[in-house]
Structures are given as structure tokens and as C-alpha cells.
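Visitor: This is the structure, below, for whatever I ask next.
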Amino acid sequence: MRRLLLLFLAMLALAAAPALAADKIKVGIMGGDAEVLWAKAKEIAARDGLDINLVVFSDYLLPNEALQSGDLDANAFQHKPFLANQIKARGYKIVPVGETIVTPIGLYSKRVKAVGDLKDGALIGIPNDPSNGGRALLLLQAEKLIRLKDGVGLLPTVFDVVDNPKRLKFQEVDAAQLPRSLEDLDAAVINTNYAVDAGLIPGKDSVAIEAKVNNPYNNVIVVREADTKAPWVPKLVHAFQNDAIRQILKEQFPGQFPAF
């Protein structure tokens, strides 16, 4: 009888005990396509006991500052060269913990339909931050519009252009403003998220676009160095790196592809 009473009391205690609280984290992302992908990732994470609060940004320079200061627990918006440059320039103690997608940067124009149609002296808009500006110049070099100095790596500048047969002129513009500036330019190299937000379709509306093979611009999930061993980190990475995200990319976002 005593054993039955103890068992009954134990069962009551278990029934009354609160469920384990889910980990709660804030993740910074950019507006647009990322909101669709991360809405699905949030749903997947919830099944693993991870409650994600998505914080949407429109400026590339803010999510890393917010992560460093503790206003975010993670962010997922940037490619590796951009992250490396931000760490070098600002001394952030943040690191990548998983890859997400590749969004090829493209050359867009409302005045020409092909790279060869660009006239001598054409004005080309490129992003004004070092990593995306360098990425734009590398695309122009791949299209044989310019040649860059040997050994410039992933961060060339306009001063590294050593051959420019069409005498192209470069206008450095904030990446987010390039779609709006397209009317005043002969062409512009625009990041995919900003192009899509402006109604442009990579691979269809682009005059030229980065190759998918051996693309070094994989986007990554980033956390503070102190949090790399946190138990929620693998749950966060798994929430994105799965077949459900692959399927959304395939069905809804042509031109973008998984990096995992």
C-alpha cells in the first residue's frame, strides 16, 4: 500500500511539473526572400525546442553590430568575405557556424540586353562596401569587361583595374540603393536580395550573373564566439540545413541555391 501511495505521489509530481522551457533566441535576417526561408526554419526549430524570434533588417551594416552588442543571438544575412571584412574592420568577436545559401550577384540594365551592348564610357553602378564592391568587379572581370591586377583576391577595388577596353566608369553606391539608381546608370551590379525586392528576377532580367560552380560567396549563420558551444547552435543550423529549405529554394527562388 505504501509503495502504491509513493507511486501515486510521484505521478502527481510529474504531472504538476512544468514542461521544460524552450530556448529563446533572436536571429537577425534581411527582408525579402530570407523572411520566407526563415519562417520555415523557425517552424522546424520549434519542433526541436528552439523558439526563434526573427528580427528583420534592411541595412547590411546593422545585424553584425546588433549581434556584437548582444541585441541578437545570431544573424544569417551575409557571405563569408563580407563577414571577414567586417571582423577585420570593426574587431567583432563573431564567427560562422553553418552555411545557408548562395545568392549570385548579377549585372542588371534597363538600357542594354547583353554585356556586349554596353557602350564605351558606360556608367556602371557597384556596391560601395569593400566585399560586395569587390564581388561586382570580379563579375565584370569574368565577363571580360575589365581586367584586375593579379593577386587581388576577393576584395579588389576600382584602383585595381589594369585593363578597361570600354573605358567603363564606376559609380559606387550603397548596395540597397542600386535598384533605385538603375534608371540613371547604364548598368549596375546588384545583390540578389535587393534585385528581387525591386522586382528583378536573377537569371532572367540579369545581363550577367555569377557562376554557381566554386562560388566563394556562401552565406552563413553567425554567432558570438562565446556562444559557439551553446546547445541551441546545432538546433539553429539544423533548422535551416534540411530538405524543406532546399524544396522552398527550388520551387520559389530560382537563381538561388543551397550551400549545404
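By order of appearance in the C-alpha cells: chains A, B, ..., then residues from 1 within every chain, and ligands from 1 in the order shown.
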Tell me, which residues of range 77-140 of chain A carry DSSP alpha helix (DSSP H), written as JSON, numbers by chain?

Guide: {"A": [80, 81, 82, 83, 84, 85, 86, 87, 88, 89, 90, 130, 131, 132, 133, 134, 135, 136, 137, 138, 139, 140]}

Visitor: Set the distance at 10 Å and use only C-alpha atoms: which residues neighbour Ser58 in chain A once local chain neighbours fewer than 5 positions away are removed? I'd like the list as a PyMOL selection string.

Guide: chain A and resi 29-32+63+176+194

Visitor: Residues of range 36-139 of chain A within 9 Å of range 227-237 of chain A: nearest atom pair and distance (Å, one decimal) for each, counting only C-alpha atoms, sorted by chain and number, as a tab-separated table?

Guide:
residue	atom	partner	partner_atom	distance
A:Ala41	CA	A:Leu236	CA	8.1
A:Lys42	CA	A:Leu236	CA	8.6
A:Ala45	CA	A:Lys235	CA	6.5
A:Asp48	CA	A:Lys235	CA	6.7
A:Gly49	CA	A:Lys235	CA	8.4
A:Leu50	CA	A:Trp232	CA	6.9
A:Ile52	CA	A:Leu236	CA	8.5
A:Asp73	CA	A:Asp227	CA	8.3
A:Ala74	CA	A:Val233	CA	8.9
A:Val95	CA	A:Thr228	CA	8.0
A:Pro96	CA	A:Thr228	CA	8.8
A:Val97	CA	A:Thr228	CA	7.2
A:Gly98	CA	A:Val237	CA	5.9
A:Glu99	CA	A:Val237	CA	8.1
A:Thr100	CA	A:Val237	CA	8.5

Visitor: Deliver the residues from the most recent selection as a file, using C-alpha atoms, as a compact mmCIF listing (two decimals), in the first residue's frame.

Guide:
# COMPACT_ATOMS: atom_id res chain seq x y z
CA ALA A 41 13.30 27.39 -40.35
CA LYS A 42 11.54 28.88 -37.32
CA ALA A 45 13.34 24.83 -34.89
CA ASP A 48 13.46 20.86 -31.55
CA GLY A 49 12.55 23.13 -28.65
CA LEU A 50 14.10 26.28 -30.09
CA ILE A 52 13.31 31.83 -32.80
CA ASP A 73 21.92 35.89 -30.55
CA ALA A 74 22.68 35.10 -34.20
CA VAL A 95 32.11 33.53 -36.14
CA PRO A 96 30.22 31.45 -38.73
CA VAL A 97 28.69 28.20 -37.51
CA GLY A 98 26.87 26.95 -40.61
CA GLU A 99 26.29 27.68 -44.30
CA THR A 100 22.91 28.63 -45.75

Visitor: Would you mind writing down, as a ChimeraX atom specification, each residue of range 22-238 of chain A that DSSP on the backbone assigns to strand (DSSP E or B)?

Guide: /A:23-30,50-57,74-79,94-99,101-102,106-108,123-127,147-148,161-163,169-173,187-190,206-209,219-224

Visitor: Would you pick out the contacts of Ile209 in chain A at 7 Å or less, using only C-alpha atoms, so that residues sharing its chain but fewer than 6 positions from it are not included, and give the list as a PyMOL selection string?

Guide: chain A and resi 104-107+203

Visitor: Nearest to Pro216 in chain A among A:Lys144, A:Arg180, A:Lys26, A:His79, with distances taken over only C-alpha atoms: which residue is it?

Guide: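 Closest to Pro216 in chain A, using only C-alpha atoms: A:His79.
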
Visitor: Fewer than 5 positions away in the same chain doesn't count, so skip those; otherwise give me all residues within 9 Å of Arg246 in chain A, counting only C-alpha atoms, as a ChimeraX atom specification.

Guide: /A:240-241,251,257-258

Visitor: Show which residues sit within 10 Å of Pro165 in chain A, as a VMD selection string. Count only C-alpha atoms, and ignore same-chain residues fewer than 4 positions away.

Guide: chain A and resid 120 to 121 144 to 147

Visitor: Check the smallest atom-to-atom distance from each of A:Asn215, A:Thr157, A:Gln68, A:Thr103 to Pro202 in chain A using only C-alpha atoms, then report the winner.

Guide: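 With only C-alpha atoms as the atom set, the closest residue is A:Thr103.
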
Visitor: Restricting the calculation to only C-alpha atoms: of A:Asn75, A:Gln252, A:Asn64, A:Gln177, which residue gets closest to Asn191 in chain A?

Guide: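 When distances to Asn191 in chain A are compared using only C-alpha atoms, the smallest one comes from A:Gln177.
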
Visitor: Which residues are near Phe170 in chain A? Cut-off 9 Å, only C-alpha atoms, ignore same chain within fewer than 5 positions. Put them as a list in words.

Guide: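 Contacts, in chain order: Ala122, Leu123, Ile124, Gly125, Ile126 and Val158 of chain A.
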
Visitor: Report as a list in words all protein, DNA and RNA residues lying within 12 Å of Lys149 in chain A, evaluated on only C-alpha atoms, omitting residues in the same chain fewer than 4 positions from it.

Guide: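 So, after excluding close chain neighbours, the residues are Leu137, Leu138, Gln141, Gly153, Leu154, Leu155, Pro156, Thr157, Val158, Phe159, Asp160, Val161, Val162, Asp163 and Asn164 of chain A.
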
Visitor: Mind writing the picked residues with N, CA, C and O atoms as a compact mmCIF listing (two decimals), in the first residue's frame?

Guide:
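The resulting again-v2.txt:
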# COMPACT_ATOMS: atom_id res chain seq x y z
N LEU A 137 33.28 43.76 -59.13
CA LEU A 137 34.39 43.89 -60.07
C LEU A 137 34.84 42.52 -60.58
O LEU A 137 35.20 42.37 -61.75
N LEU A 138 34.80 41.52 -59.72
CA LEU A 138 35.16 40.17 -60.16
C LEU A 138 34.16 39.64 -61.19
O LEU A 138 34.54 38.93 -62.13
N GLN A 141 35.01 41.29 -64.42
CA GLN A 141 36.20 40.66 -64.99
C GLN A 141 35.84 39.32 -65.63
O GLN A 141 36.33 38.99 -66.72
N GLY A 153 42.71 38.90 -54.92
CA GLY A 153 41.82 38.10 -54.08
C GLY A 153 40.36 38.47 -54.26
O GLY A 153 39.92 38.81 -55.36
N LEU A 154 39.61 38.44 -53.15
CA LEU A 154 38.17 38.70 -53.20
C LEU A 154 37.80 40.14 -52.89
O LEU A 154 36.63 40.47 -52.87
N LEU A 155 38.80 40.99 -52.66
CA LEU A 155 38.50 42.37 -52.28
C LEU A 155 39.18 43.40 -53.19
O LEU A 155 39.80 44.35 -52.71
N PRO A 156 39.05 43.25 -54.51
CA PRO A 156 39.62 44.29 -55.38
C PRO A 156 38.84 45.58 -55.28
O PRO A 156 37.67 45.59 -54.87
N THR A 157 39.48 46.68 -55.64
CA THR A 157 38.82 47.98 -55.72
C THR A 157 38.96 48.51 -57.14
O THR A 157 39.67 47.93 -57.97
N VAL A 158 38.32 49.61 -57.42
CA VAL A 158 38.40 50.20 -58.77
C VAL A 158 39.84 50.59 -59.11
O VAL A 158 40.20 50.70 -60.29
N PHE A 159 40.68 50.76 -58.09
CA PHE A 159 42.08 51.11 -58.33
C PHE A 159 42.90 49.91 -58.78
O PHE A 159 44.05 50.06 -59.19
N ASP A 160 42.30 48.73 -58.70
CA ASP A 160 42.98 47.51 -59.14
C ASP A 160 42.66 47.15 -60.59
O ASP A 160 43.12 46.13 -61.09
N VAL A 161 41.86 47.97 -61.25
CA VAL A 161 41.54 47.72 -62.67
C VAL A 161 42.74 48.12 -63.51
O VAL A 161 43.15 49.29 -63.53
N VAL A 162 43.31 47.16 -64.21
CA VAL A 162 44.51 47.43 -65.01
C VAL A 162 44.19 47.43 -66.51
O VAL A 162 45.04 47.85 -67.32
N ASP A 163 43.03 46.95 -66.89
CA ASP A 163 42.65 46.97 -68.30
C ASP A 163 41.14 47.22 -68.37
O ASP A 163 40.36 46.52 -67.73
N ASN A 164 40.76 48.22 -69.17
CA ASN A 164 39.35 48.64 -69.24
C ASN A 164 39.06 49.08 -70.67
O ASN A 164 38.94 50.27 -70.97

Visitor: A:Val196, A:Leu168, A:Ile94, A:Val189: which is nearest Asn132 in chain A, counting only C-alpha atoms?

Guide: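 Among the listed residues, the smallest separation from Asn132 in chain A belongs to A:Val189.
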
Visitor: Measure the distance from CA of Phe82 in chain A to CA of Glu183 in chain A in Å and round it to one decimal.

Guide: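 Interatomic distance, CA of Phe82 in chain A to CA of Glu183 in chain A: 27.0 Å.
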
Visitor: Looking at only C-alpha atoms, which of A:Asp71, A:Asp59, A:Glu43, A:Asp186 is the one that sits closest to Val27 in chain A?

Guide: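 So, comparing all the options, the nearest one is A:Asp71.
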
Visitor: Closest to Glu35 in chain A among A:Asp197, A:Ile87, A:Leu139, A:Val213, using only C-alpha atoms?

Guide: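 Counting only C-alpha atoms, the residue closest to Glu35 in chain A is A:Asp197.
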